[in-house]
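Source file: structure.txt. Holds: compact mmCIF, C-alpha atoms and all ligand atoms.
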```txt
# COMPACT_ATOMS: atom_id res chain seq x y z
CA MET A 912 45.29 -5.65 -3.12
CA THR A 913 43.39 -7.55 -0.46
CA GLY A 914 45.13 -8.76 2.68
CA PRO A 915 46.72 -12.17 3.21
CA ILE A 916 44.66 -15.35 3.43
CA LEU A 917 45.26 -16.43 7.01
CA PRO A 918 45.41 -19.83 8.75
CA GLY A 919 41.94 -21.24 9.22
CA ALA A 920 41.08 -20.55 5.59
CA THR A 921 40.66 -23.39 3.08
CA LEU A 922 43.20 -23.76 0.28
CA GLY A 923 42.16 -25.55 -2.90
CA VAL A 924 44.56 -27.73 -4.89
CA LEU A 925 43.91 -29.02 -8.40
CA GLY A 926 45.68 -32.31 -9.06
CA GLY A 927 46.14 -35.25 -6.75
CA GLY A 928 49.79 -36.32 -6.98
CA GLN A 929 52.60 -36.30 -4.44
CA LEU A 930 53.21 -32.58 -4.90
CA GLY A 931 49.67 -31.89 -3.73
CA ARG A 932 50.08 -34.35 -0.89
CA MET A 933 53.21 -32.58 0.40
CA PHE A 934 51.57 -29.17 -0.12
CA ALA A 935 48.58 -30.32 1.93
CA ALA A 936 50.86 -31.51 4.75
CA ALA A 937 52.63 -28.12 4.84
CA ALA A 938 49.37 -26.15 4.70
CA ARG A 939 47.75 -28.18 7.47
CA ARG A 940 50.86 -27.76 9.64
CA LEU A 941 50.28 -24.01 9.28
CA GLY A 942 46.65 -24.39 10.35
CA TYR A 943 44.92 -24.23 6.99
CA ARG A 944 42.27 -26.59 5.72
CA VAL A 945 42.99 -28.17 2.35
CA ALA A 946 40.58 -29.20 -0.39
CA VAL A 947 42.02 -31.42 -3.15
CA TRP A 948 40.33 -32.09 -6.47
CA SER A 949 41.68 -34.96 -8.56
CA ASP A 950 40.08 -36.94 -11.35
CA ALA A 951 42.13 -40.02 -10.44
CA PRO A 952 40.89 -42.46 -7.80
CA ASP A 953 43.52 -43.34 -5.16
CA ALA A 954 45.39 -40.08 -5.90
CA PRO A 955 48.02 -39.59 -3.15
CA ALA A 956 46.89 -36.06 -2.25
CA LEU A 957 43.24 -37.02 -1.69
CA ALA A 958 44.21 -38.98 1.42
CA ALA A 959 46.06 -35.95 2.83
CA ALA A 960 43.18 -33.48 2.37
CA ASP A 961 40.49 -32.23 4.73
CA LEU A 962 38.12 -32.22 1.79
CA ALA A 963 38.67 -34.67 -1.07
CA THR A 964 36.89 -34.32 -4.40
CA ASN A 965 37.36 -37.26 -6.74
CA ALA A 966 35.49 -36.41 -9.94
CA PRO A 967 36.18 -35.62 -13.59
CA TYR A 968 37.42 -32.05 -14.09
CA ASP A 969 34.26 -31.14 -16.04
CA ASP A 970 31.87 -32.26 -13.27
CA ALA A 971 29.59 -29.28 -12.56
CA ALA A 972 28.49 -30.44 -9.11
CA ALA A 973 32.10 -31.05 -8.07
CA PHE A 974 32.99 -27.58 -9.33
CA GLU A 975 30.29 -25.96 -7.18
CA ALA A 976 31.24 -27.91 -4.07
CA PHE A 977 34.98 -27.36 -4.50
CA THR A 978 34.86 -23.65 -5.31
CA GLY A 979 32.24 -23.08 -2.61
CA ALA A 980 34.61 -24.50 0.02
CA ILE A 981 37.86 -22.70 -0.83
CA ASP A 982 39.31 -19.21 -0.32
CA VAL A 983 42.12 -19.52 -2.88
CA CYS A 984 43.23 -22.18 -5.36
CA THR A 985 46.57 -23.48 -6.56
CA VAL A 986 47.77 -26.38 -8.69
CA GLU A 987 50.16 -29.27 -8.26
CA PHE A 988 50.00 -30.29 -11.93
CA GLU A 989 49.83 -28.06 -15.01
CA ASN A 990 48.03 -30.26 -17.51
CA LEU A 991 44.57 -29.21 -16.41
CA PRO A 992 41.71 -28.20 -18.71
CA ALA A 993 41.96 -24.49 -19.59
CA ASP A 994 38.17 -24.09 -19.18
CA LEU A 995 38.35 -25.35 -15.63
CA LEU A 996 41.20 -23.00 -14.73
CA ARG A 997 39.32 -19.99 -16.11
CA ALA A 998 36.10 -21.00 -14.36
CA ILE A 999 37.91 -21.39 -11.02
CA GLU A 1000 39.38 -17.93 -11.53
CA GLY A 1001 35.85 -16.57 -11.85
CA ARG A 1002 35.18 -17.69 -8.26
CA VAL A 1003 38.38 -17.43 -6.24
CA PRO A 1004 41.95 -16.24 -6.81
CA LEU A 1005 43.89 -18.89 -8.78
CA ARG A 1006 47.63 -18.74 -8.12
CA PRO A 1007 49.35 -19.09 -10.56
CA SER A 1008 46.76 -17.59 -12.92
CA SER A 1009 45.19 -19.55 -15.77
CA GLN A 1010 47.24 -17.44 -18.16
CA ALA A 1011 50.56 -18.28 -16.47
CA ILE A 1012 49.65 -21.97 -16.35
CA ALA A 1013 48.56 -21.97 -19.99
CA ALA A 1014 51.97 -20.66 -21.04
CA THR A 1015 53.58 -23.79 -19.60
CA GLN A 1016 51.03 -26.36 -20.83
CA HIS A 1017 52.21 -26.49 -24.37
CA ARG A 1018 55.89 -26.72 -25.29
CA GLY A 1019 55.50 -24.54 -28.36
CA ARG A 1020 53.68 -21.78 -26.50
CA GLU A 1021 56.12 -22.06 -23.63
CA LYS A 1022 59.18 -21.68 -25.85
CA ARG A 1023 57.61 -18.73 -27.66
CA ALA A 1024 56.85 -17.01 -24.33
CA LEU A 1025 60.37 -17.69 -23.09
CA ALA A 1026 61.90 -16.38 -26.30
CA GLU A 1027 59.84 -13.19 -25.94
CA LEU A 1028 61.32 -12.75 -22.46
CA GLY A 1029 64.78 -13.02 -23.98
CA ALA A 1030 65.47 -16.34 -22.23
CA PRO A 1031 68.15 -18.39 -24.02
CA LEU A 1032 66.85 -21.67 -25.50
CA ALA A 1033 68.34 -24.56 -27.44
CA PRO A 1034 67.60 -24.17 -31.16
CA TRP A 1035 64.05 -25.44 -31.74
CA ARG A 1036 61.22 -25.60 -34.26
CA PRO A 1037 57.46 -25.95 -33.70
CA LEU A 1038 55.88 -28.74 -35.75
CA ALA A 1039 52.20 -29.20 -36.57
CA ALA A 1040 50.80 -32.74 -36.53
CA ALA A 1041 51.93 -34.09 -39.89
CA GLY A 1042 49.05 -36.51 -40.52
CA THR A 1043 51.09 -39.29 -42.10
CA PRO A 1044 54.54 -40.81 -41.45
CA HIS A 1045 55.57 -39.68 -44.93
CA ALA A 1046 54.66 -36.05 -44.18
CA ALA A 1047 56.35 -36.39 -40.78
CA ALA A 1048 59.60 -37.40 -42.47
CA ALA A 1049 59.47 -34.33 -44.69
CA ALA A 1050 58.78 -32.09 -41.70
CA LEU A 1051 61.68 -33.60 -39.76
CA GLU A 1052 63.95 -33.10 -42.75
CA ALA A 1053 63.12 -29.39 -42.80
CA ALA A 1054 63.22 -28.91 -39.01
CA THR A 1055 66.55 -30.67 -38.50
CA ALA A 1056 68.05 -28.26 -41.00
CA ALA A 1057 67.45 -25.65 -38.27
CA THR A 1058 68.24 -27.67 -35.13
CA GLY A 1059 70.91 -29.99 -36.48
CA ARG A 1060 71.14 -33.64 -35.46
CA PRO A 1061 71.01 -35.26 -32.97
CA ALA A 1062 67.76 -33.72 -31.81
CA VAL A 1063 64.85 -34.52 -29.51
CA LEU A 1064 61.26 -34.65 -30.73
CA LYS A 1065 58.75 -33.88 -27.96
CA THR A 1066 54.96 -33.78 -27.99
CA ALA A 1067 53.74 -30.23 -27.51
CA GLY A 1068 51.28 -31.18 -24.81
CA PHE A 1069 50.96 -33.52 -21.83
CA GLY A 1070 54.54 -34.75 -21.62
CA TYR A 1071 56.20 -35.53 -18.31
CA ASP A 1072 59.08 -37.68 -17.07
CA GLY A 1073 60.38 -38.03 -20.61
CA LYS A 1074 57.08 -39.42 -21.90
CA GLY A 1075 56.27 -38.39 -25.45
CA GLN A 1076 59.93 -37.87 -26.40
CA VAL A 1077 61.97 -39.53 -29.12
CA THR A 1078 65.66 -38.93 -29.73
CA ILE A 1079 66.60 -38.37 -33.36
CA PRO A 1080 70.08 -39.88 -33.86
CA ALA A 1081 72.96 -37.95 -35.43
CA THR A 1082 72.72 -39.90 -38.68
CA GLY A 1083 70.56 -42.50 -40.37
CA ARG A 1084 66.85 -42.98 -40.88
CA TRP A 1085 64.11 -41.27 -38.86
CA PRO A 1086 63.09 -43.51 -35.94
CA GLY A 1087 59.68 -45.08 -36.53
CA ALA A 1088 58.55 -43.83 -33.11
CA ALA A 1089 59.35 -40.26 -34.15
CA LEU A 1090 57.38 -40.57 -37.39
CA ALA A 1091 54.40 -42.05 -35.55
CA LEU A 1092 54.50 -39.35 -32.85
CA LEU A 1093 54.73 -36.45 -35.29
CA ALA A 1094 52.11 -37.94 -37.61
CA ALA A 1095 49.63 -37.92 -34.71
CA GLU A 1096 50.43 -34.87 -32.61
CA PRO A 1097 51.84 -31.36 -32.71
CA CYS A 1098 55.42 -31.45 -31.46
CA VAL A 1099 58.52 -29.38 -31.00
CA LEU A 1100 61.92 -30.42 -32.26
CA GLU A 1101 64.87 -29.37 -30.15
CA ALA A 1102 68.61 -29.62 -30.71
CA PHE A 1103 70.11 -32.32 -28.51
CA VAL A 1104 72.05 -30.34 -25.94
CA ASP A 1105 75.67 -31.23 -25.21
CA LEU A 1106 75.12 -31.15 -21.47
CA GLU A 1107 77.64 -30.36 -18.79
CA LEU A 1108 74.90 -30.61 -16.16
CA GLU A 1109 71.19 -30.04 -15.60
CA LEU A 1110 70.18 -27.41 -13.05
CA SER A 1111 66.89 -26.14 -11.69
CA VAL A 1112 65.79 -23.21 -9.59
CA VAL A 1113 62.55 -23.10 -7.61
CA VAL A 1114 61.30 -19.54 -7.27
CA ALA A 1115 58.41 -18.24 -5.18
CA ARG A 1116 56.67 -15.07 -6.27
CA ALA A 1117 54.31 -13.16 -4.00
CA PRO A 1118 51.13 -11.42 -5.23
CA GLY A 1119 53.00 -8.11 -4.89
CA GLY A 1120 55.82 -9.31 -7.16
CA GLU A 1121 58.54 -10.09 -4.59
CA THR A 1122 60.58 -13.19 -5.54
CA ARG A 1123 62.66 -15.58 -3.42
CA ALA A 1124 64.76 -18.27 -5.08
CA PHE A 1125 65.85 -21.55 -3.52
CA PRO A 1126 69.49 -22.52 -4.00
CA VAL A 1127 70.19 -23.85 -7.49
CA ALA A 1128 69.78 -27.63 -7.66
CA GLU A 1129 71.98 -29.99 -9.64
CA ASN A 1130 69.96 -32.74 -11.30
CA HIS A 1131 71.00 -36.11 -12.66
CA HIS A 1132 68.55 -37.96 -14.85
CA ALA A 1133 68.32 -41.62 -15.79
CA ARG A 1134 66.35 -42.44 -18.94
CA HIS A 1135 64.94 -38.87 -19.04
CA VAL A 1136 63.59 -39.13 -15.45
CA LEU A 1137 65.07 -37.29 -12.49
CA ASP A 1138 67.18 -39.67 -10.44
CA LEU A 1139 69.33 -37.62 -8.07
CA THR A 1140 69.29 -33.98 -6.94
CA VAL A 1141 72.03 -32.22 -5.03
CA MET A 1142 71.39 -28.81 -3.44
CA PRO A 1143 73.14 -26.42 -3.58
CA GLY A 1144 74.41 -27.68 -6.94
CA ARG A 1145 78.16 -28.21 -7.29
CA VAL A 1146 78.70 -25.40 -9.78
CA ALA A 1147 80.85 -22.27 -9.90
CA VAL A 1148 79.43 -19.26 -8.04
CA ASP A 1149 78.94 -17.31 -11.27
CA VAL A 1150 76.93 -20.19 -12.80
CA ALA A 1151 74.69 -20.35 -9.72
CA GLU A 1152 74.18 -16.58 -9.82
CA ARG A 1153 73.34 -16.59 -13.53
CA ALA A 1154 70.95 -19.50 -13.06
CA GLU A 1155 69.14 -17.77 -10.23
CA ALA A 1156 68.88 -14.46 -12.09
CA LEU A 1157 67.56 -16.22 -15.19
CA ALA A 1158 64.99 -18.17 -13.18
CA ARG A 1159 63.71 -15.05 -11.42
CA ARG A 1160 63.46 -13.27 -14.75
CA VAL A 1161 61.44 -16.11 -16.29
CA VAL A 1162 59.07 -16.51 -13.33
CA THR A 1163 58.48 -12.76 -13.17
CA GLY A 1164 58.11 -12.49 -16.94
CA LEU A 1165 55.53 -15.29 -17.06
CA GLY A 1166 53.58 -13.52 -14.31
CA VAL A 1167 53.58 -16.50 -11.96
CA VAL A 1168 52.16 -15.90 -8.48
CA GLY A 1169 52.89 -18.87 -6.26
CA LEU A 1170 55.74 -21.23 -6.97
CA ALA A 1171 57.47 -22.30 -10.16
CA CYS A 1172 60.55 -24.25 -11.13
CA VAL A 1173 62.79 -23.33 -14.03
CA GLU A 1174 64.70 -26.29 -15.47
CA LEU A 1175 68.01 -25.31 -17.05
CA PHE A 1176 70.63 -26.93 -19.24
CA LEU A 1177 74.25 -25.98 -18.54
CA THR A 1178 76.07 -26.64 -21.80
CA ARG A 1179 79.67 -27.73 -22.09
CA ALA A 1180 80.36 -24.31 -23.56
CA GLY A 1181 79.17 -22.77 -20.26
CA ASP A 1182 75.86 -21.39 -21.54
CA LEU A 1183 72.63 -21.67 -19.58
CA TRP A 1184 69.53 -22.53 -21.60
CA VAL A 1185 66.01 -22.78 -20.26
CA ASN A 1186 64.61 -26.28 -20.76
CA GLU A 1187 61.10 -25.92 -19.35
CA VAL A 1188 59.08 -24.28 -16.61
CA ALA A 1189 56.77 -25.99 -14.12
CA PRO A 1190 54.24 -23.64 -12.45
CA ARG A 1191 54.23 -25.63 -9.18
CA PRO A 1192 56.60 -27.36 -6.76
CA HIS A 1193 59.17 -29.60 -8.41
CA ASN A 1194 60.74 -32.98 -7.79
CA SER A 1195 64.16 -31.30 -7.54
CA GLY A 1196 62.81 -29.14 -4.70
CA HIS A 1197 61.89 -32.01 -2.39
CA VAL A 1198 65.28 -31.79 -0.71
CA THR A 1199 64.36 -28.30 0.55
CA ILE A 1200 62.30 -30.10 3.25
CA GLU A 1201 65.54 -31.16 4.94
CA ALA A 1202 68.08 -28.72 3.53
CA CYS A 1203 66.51 -25.24 3.66
CA ARG A 1204 65.11 -22.81 6.23
CA VAL A 1205 61.70 -23.04 4.56
CA ASP A 1206 60.70 -25.82 2.18
CA GLN A 1207 59.13 -25.44 -1.26
CA PHE A 1208 55.68 -26.56 -0.07
CA GLU A 1209 55.43 -24.13 2.82
CA GLN A 1210 56.79 -21.45 0.50
CA GLN A 1211 54.00 -22.26 -1.97
CA VAL A 1212 51.46 -21.87 0.84
CA ARG A 1213 52.97 -18.53 1.84
CA ALA A 1214 53.09 -17.23 -1.75
CA VAL A 1215 49.57 -18.39 -2.61
CA CYS A 1216 48.17 -16.86 0.60
CA GLY A 1217 50.03 -13.58 0.25
CA LEU A 1218 51.98 -14.16 3.48
CA PRO A 1219 55.60 -13.08 3.92
CA LEU A 1220 57.83 -15.45 1.95
CA GLY A 1221 60.17 -17.64 4.00
CA ASP A 1222 63.96 -17.69 3.83
CA PRO A 1223 64.88 -20.33 1.22
CA ALA A 1224 68.60 -20.39 2.08
CA ALA A 1225 70.19 -23.80 2.61
CA VAL A 1226 70.94 -24.67 6.22
CA ARG A 1227 73.08 -27.63 5.12
CA PRO A 1228 73.86 -29.23 1.76
CA GLY A 1229 71.33 -31.91 0.87
CA ALA A 1230 70.59 -34.63 -1.66
CA MET A 1231 67.50 -36.48 -2.85
CA ALA A 1232 67.24 -39.81 -4.67
CA ASN A 1233 63.99 -40.80 -6.35
CA LEU A 1234 62.36 -44.16 -5.70
CA LEU A 1235 60.75 -45.41 -8.90
CA GLY A 1236 58.35 -48.32 -9.20
CA ASP A 1237 61.11 -50.47 -10.73
CA LEU A 1238 62.48 -50.88 -7.19
CA TRP A 1239 59.52 -53.17 -6.49
CA ASP A 1240 60.61 -55.65 -9.18
CA GLY A 1241 62.07 -58.02 -6.58
CA GLY A 1242 59.23 -57.54 -4.09
CA GLU A 1243 58.66 -54.89 -1.43
CA PRO A 1244 61.85 -52.81 -0.94
CA ASP A 1245 63.68 -53.27 2.36
CA TRP A 1246 62.56 -50.09 4.12
CA ALA A 1247 64.19 -50.98 7.42
CA ALA A 1248 67.56 -51.41 5.71
CA ALA A 1249 67.36 -47.93 4.15
CA LEU A 1250 66.21 -46.34 7.41
CA ALA A 1251 69.15 -47.97 9.17
CA VAL A 1252 71.42 -45.69 7.15
CA GLY A 1253 71.97 -42.88 9.64
CA GLY A 1254 70.52 -39.56 8.51
CA ALA A 1255 68.50 -40.90 5.57
CA ARG A 1256 64.89 -39.67 5.50
CA LEU A 1257 62.23 -41.70 3.72
CA HIS A 1258 59.24 -40.11 1.96
CA LEU A 1259 56.64 -42.44 0.44
CA TYR A 1260 53.68 -41.08 -1.47
CA GLY A 1261 51.11 -43.74 -0.59
CA LYS A 1262 50.66 -45.02 -4.15
CA ALA A 1263 49.07 -48.44 -4.21
CA GLN A 1264 50.50 -49.65 -7.53
CA ALA A 1265 54.25 -49.73 -8.21
CA ARG A 1266 54.71 -49.45 -11.98
CA PRO A 1267 58.09 -49.17 -13.73
CA GLY A 1268 59.10 -45.51 -13.95
CA ARG A 1269 56.38 -44.36 -11.54
CA LYS A 1270 57.56 -42.01 -8.80
CA MET A 1271 56.71 -43.83 -5.57
CA GLY A 1272 58.77 -41.85 -3.10
CA HIS A 1273 62.20 -40.43 -2.42
CA LEU A 1274 65.05 -40.53 0.06
CA SER A 1275 66.80 -37.40 1.26
CA ALA A 1276 69.63 -36.47 3.53
CA VAL A 1277 71.76 -33.53 4.61
CA ALA A 1278 75.47 -33.66 5.41
CA ASP A 1279 78.50 -31.42 5.85
CA ASP A 1280 79.00 -31.25 2.09
CA ALA A 1281 77.06 -32.10 -1.05
CA ASP A 1282 79.19 -35.13 -1.93
CA ALA A 1283 78.55 -36.70 1.47
CA ALA A 1284 74.80 -36.03 1.23
CA ALA A 1285 74.66 -37.62 -2.23
CA ALA A 1286 76.66 -40.65 -1.05
CA LEU A 1287 74.27 -41.05 1.87
CA VAL A 1288 71.05 -41.14 -0.15
CA LEU A 1289 72.59 -43.46 -2.72
CA ARG A 1290 73.74 -45.81 0.06
CA ALA A 1291 70.25 -45.80 1.57
CA ARG A 1292 68.71 -46.54 -1.82
CA ALA A 1293 71.14 -49.36 -2.50
CA ALA A 1294 70.16 -50.85 0.86
CA LEU A 1295 66.53 -51.05 -0.31
CA ALA A 1296 67.41 -53.53 -3.02
CA ARG A 1297 69.68 -55.76 -0.97
CA GLY A 1298 66.90 -57.30 1.09
CA GLY A 1299 65.24 -58.63 -2.05
CA GLU A 1300 68.32 -60.57 -3.07
CA GLY A 1301 67.92 -63.36 -0.56
CA PRO A 1302 70.77 -64.76 1.54
CA ALA A 1303 73.45 -63.48 -0.88
CA GLY A 1304 72.27 -59.94 -0.20
CA ALA A 1305 72.25 -60.28 3.58
CA ALA A 1306 74.29 -58.00 5.80
CA GLY A 1307 78.02 -58.44 5.35
CA ALA A 1308 77.79 -59.43 1.69
CA THR A 1309 79.44 -57.35 -1.01
CA PRO A 1310 77.49 -54.13 -1.48
CA ASN A 1311 75.63 -53.67 -4.74
CA PRO A 1312 78.34 -52.52 -7.18
CA ASP A 1313 75.95 -50.03 -8.78
CA PRO A 1314 74.54 -47.79 -6.06
CA ARG A 1315 72.05 -46.35 -8.54
CA ALA A 1316 70.57 -49.75 -9.44
N1 LIG B 1 67.23 -31.22 -26.00
C1 LIG B 1 67.70 -32.06 -25.07
N2 LIG B 1 69.00 -32.36 -25.02
C2 LIG B 1 69.49 -33.23 -24.08
N3 LIG B 1 68.72 -33.84 -23.15
C3 LIG B 1 67.41 -33.58 -23.15
C4 LIG B 1 66.83 -32.67 -24.10
N4 LIG B 1 65.51 -32.60 -23.85
C5 LIG B 1 65.28 -33.40 -22.79
N5 LIG B 1 66.40 -34.00 -22.37
C6 LIG B 1 66.50 -34.92 -21.21
O1 LIG B 1 65.22 -35.44 -20.88
C7 LIG B 1 64.76 -34.93 -19.61
C8 LIG B 1 63.27 -34.70 -19.65
O2 LIG B 1 62.93 -33.77 -20.66
P1 LIG B 1 61.99 -32.52 -20.39
O3 LIG B 1 61.93 -31.71 -21.63
O4 LIG B 1 62.42 -31.83 -19.14
O5 LIG B 1 60.57 -33.21 -20.25
P2 LIG B 1 59.69 -33.67 -19.03
O6 LIG B 1 58.44 -32.85 -19.18
O7 LIG B 1 59.47 -35.11 -19.28
O8 LIG B 1 60.44 -33.35 -17.76
C9 LIG B 1 65.58 -33.67 -19.40
O9 LIG B 1 65.65 -33.30 -18.05
C10 LIG B 1 66.92 -34.12 -19.99
O10 LIG B 1 67.60 -34.99 -19.11
MG MG B 2 61.54 -31.69 -17.31
```
What does this structure look like when you write it as structure tokens?
Amino acid sequence: MTGPILPGATLGVLGGGQLGRMFAAAARRLGYRVAVWSDAPDAPALAAADLATNAPYDDAAAFEAFTGAIDVCTVEFENLPADLLRAIEGRVPLRPSSQAIAATQHRGREKRALAELGAPLAPWRPLAAAGTPHAAAAALEAATAATGRPAVLKTAGFGYDGKGQVTIPATGRWPGAALALLAAEPCVLEAFVDLELELSVVVARAPGGETRAFPVAENHHARHVLDLTVMPGRVAVDVAERAEALARRVVTGLGVVGLACVELFLTRAGDLWVNEVAPRPHNSGHVTIEACRVDQFEQQVRAVCGLPLGDPAAVRPGAMANLLGDLWDGGEPDWAAALAVGGARLHLYGKAQARPGRKMGHLSAVADDADAAAALVLRARAALARGGEGPAGAAGATPNPDPRA
């Protein structure tokens, strides 16, 4: 194996979202140069790069310029063209490899790979695109015989933040949205999990195979989108240990070099099931910036460059609350009010357009215990909305009864 890629080198990132932006900030702090390639104009990571390439992913000139400038390449987004990933790999090390990324790009392939590793999964069935709503109904009939109802139908490719998912209710007719989805696209059908809690573990894996896991995170979702993360998660020690061991096994088994996050379901029966794997930093890992000795982005830099991995242990319990575009409904959120909440840290991703459901930023905080950290970020987020309510929402008025609103 060749030696580490040292500061001064140029790190390539495919994808232009907030994960790439925070990776670029960490890499530049360490003295690297960063080249970002995104096909989206105004992508948040482009503004944080030394070298920004804004071109379609099949642009040959962009490929030459990008690969000519970089010493190693990583990703901040997994839904990239397989051809591009393989071509990059022909020029510079790609970490994670195209093969590891491919395993996570398609829910059917991903579940098959996980099953081969012996990872526990909710009962599921792969479903080919049915062609017509009528054929979709027949396919759902057969598949639900295996998964039971309720169930969740998910597109096999390109889903994120709950997009491309339809819940199949316990009884009654097939939802029209499910029939339309399955008629058009290959899907997987999954048993609806009776959740105690959702957990995730971010694991770094060095080129030599060493792994370091961040503390297990506890995740609360709203409408299938991550809303609140608490780290370390408030779970029994044995649950945290099992989650960490399972995550390491999955990341090692998939051959990931770099960083990956394993999303887990903790069932009411106490079982841990793997939900999905992201071969990159994860929204639930943002709180590592404040809570841990090394954060997920610097750890990605270290893993991708073959440097010693940092210590991911928590220094203090932390919490993170997402800021979705919906917060802009009443006008610009009251940033000063949130920042007046002692200890709250604001991260905004520099996205020009606030759309409902779009991740615009997050708030994080650390405290003496996880409950206090969670209360702090929720209080800071509630403060954002108060300013938009006019005089009734001014200081001294009754606080918003729903801190999550
Ligand atoms: N089978 C399921 N049972 C219960 N909840 C689910 C199930 N599948 C997804 N969800 C909920 O939807 C969220 C998003 O689904 P996920 O499969 O992780 O897709 P995405 O790629 O959008 O993150 C999950 O974190 C969970 O809250
Ligand atoms: Mg997910």
Fill in: CA of Leu925 in chain A to CA of Phe988 in chain A, straight-line distance in Å
7.2 Å
Practice prompt. List all protein, DNA and RNA residues that have any atom at most 6 Å from ligand LIG 1 (chain B), counting all atoms listed in the file, and write the list as a PyMOL selection string.
Written response: chain A and resi 1063+1070-1074+1101-1104+1132+1135
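Pocket residues of ligand MG 2 (chain B), taken as those with any atom at most 10 Å away using only C-alpha atoms and all ligand atoms, are Gly1070, Tyr1071, Asp1072, Gly1073, Glu1109, Ser1111, His1132, His1135, Val1136, Leu1137, Cys1172, Val1173, Glu1174, Leu1175, Asn1186, Glu1187, Val1188, Ala1189, His1193 and Asn1194 of chain A.
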Check which residues of range 1112-1140 of chain A sit at most 12 Å from range 1274-1297 of chain A using only C-alpha atoms, and return one row each with the closest pair of atoms and their distance in Å to one decimal, ordered by chain and rising number, as a Markdown table.
```
| residue | atom | partner | partner_atom | distance |
| --- | --- | --- | --- | --- |
| A:Ala1128 | CA | A:Ala1281 | CA | 10.8 |
| A:Glu1129 | CA | A:Ala1281 | CA | 10.2 |
| A:Asn1130 | CA | A:Ala1285 | CA | 11.3 |
| A:His1131 | CA | A:Ala1285 | CA | 11.2 |
| A:Asp1138 | CA | A:Leu1289 | CA | 10.2 |
| A:Leu1139 | CA | A:Ala1285 | CA | 7.9 |
| A:Thr1140 | CA | A:Ala1285 | CA | 8.0 |
```
Distance table requested - range 1098-1177 of chain A against range 912-920 of chain A, cut-off 12 Å, only C-alpha atoms: one row per qualifying residue with the closest atom pair and its distance in Å to one decimal, ordered by chain and rising residue number, as JSON lines.
```
{"residue": "A:Ala1117", "atom": "CA", "partner": "A:Pro915", "partner_atom": "CA", "distance": 10.5}
{"residue": "A:Pro1118", "atom": "CA", "partner": "A:Met912", "partner_atom": "CA", "distance": 8.5}
{"residue": "A:Gly1119", "atom": "CA", "partner": "A:Met912", "partner_atom": "CA", "distance": 8.3}
{"residue": "A:Gly1120", "atom": "CA", "partner": "A:Met912", "partner_atom": "CA", "distance": 11.9}
```
Take the selection from the previous step and output its residues with C-alpha atoms, as a compact mmCIF listing (two decimals), in the coordinates of the input.
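Below is the file that was written, out_5.txt:
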```
# COMPACT_ATOMS: atom_id res chain seq x y z
CA ALA A 1117 54.31 -13.16 -4.00
CA PRO A 1118 51.13 -11.42 -5.23
CA GLY A 1119 53.00 -8.11 -4.89
CA GLY A 1120 55.82 -9.31 -7.16
```
Selection: 9 Å around Ile1012 in chain A, only C-alpha atoms, excl. self and same-chain fewer than 2 positions, as a CSV table (one decimal) with C-alpha atoms, keeping the file's coordinate frame:
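Done, and the output landed in out-v6.csv:
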```csv
chain,number,residue,atom,x,y,z
A,989,GLU,CA,49.8,-28.1,-15.0
A,990,ASN,CA,48.0,-30.3,-17.5
A,991,LEU,CA,44.6,-29.2,-16.4
A,993,ALA,CA,42.0,-24.5,-19.6
A,996,LEU,CA,41.2,-23.0,-14.7
A,1007,PRO,CA,49.4,-19.1,-10.6
A,1008,SER,CA,46.8,-17.6,-12.9
A,1009,SER,CA,45.2,-19.6,-15.8
A,1010,GLN,CA,47.2,-17.4,-18.2
A,1014,ALA,CA,52.0,-20.7,-21.0
A,1015,THR,CA,53.6,-23.8,-19.6
A,1016,GLN,CA,51.0,-26.4,-20.8
A,1165,LEU,CA,55.5,-15.3,-17.1
A,1167,VAL,CA,53.6,-16.5,-12.0
A,1189,ALA,CA,56.8,-26.0,-14.1
A,1190,PRO,CA,54.2,-23.6,-12.4
```
Worksheet item: Leaving out range 1027-1033 of chain A and any residue of its chain fewer than 4 positions from it, which residues lie within 12 Å of it when counting only C-alpha atoms, given as JSON, numbers by chain?
Response: {"A": [1014, 1020, 1021, 1022, 1023, 1057, 1058, 1059, 1062, 1063, 1099, 1100, 1101, 1102, 1103, 1104, 1105, 1106, 1153, 1154, 1156, 1157, 1158, 1159, 1160, 1161, 1162, 1163, 1164, 1165, 1166, 1173, 1174, 1175, 1176, 1177, 1178, 1182, 1183, 1184, 1185, 1186, 1187, 1188]}
Discussion item. For a cutoff of 8 Å around the file-coordinate point (68.8, -37.4, -37.7), which residues qualify once you count all atoms listed in the file? I'd like the result as an MDAnalysis selection string.
Written reply: chainID A and resid 1055 1059:1062 1079:1085
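CA of Ala1046 in chain A to CA of Gln1076 in chain A spans 18.6 Å [interatomic distance, one decimal].
Nearest to Val945 in chain A of all the residues A:Val1198, A:Ala1094, A:Val1212, A:Ala1230 is A:Val1212, counting all atoms listed in the file.
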Worksheet item: If you measure from CA of Gly1217 in chain A to CA of Val986 in chain A, what distance in Å do you get, rounded to one decimal?
Response: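 It comes out at 15.8 Å.
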Worksheet item: Which residue gives the smallest distance to Met1271 in chain A among A:Ala1011, A:Ala998, A:Leu930, A:Val1150, with all atoms listed in the file counted?
Response: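 Counting all atoms listed in the file, the residue closest to Met1271 in chain A is A:Leu930.
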Worksheet item: If we count all atoms listed in the file, what is near Gly1087 in chain A at a cut-off of 12 Å, once residues fewer than 5 positions away on the same chain are taken out, given as a list in words?
Response: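 So the residues in contact are Thr1043, Pro1044, His1045, Ala1047, Ala1048, Val1077, Thr1078, Ile1079, Pro1080, Leu1092, Leu1093 and Ala1094 of chain A.
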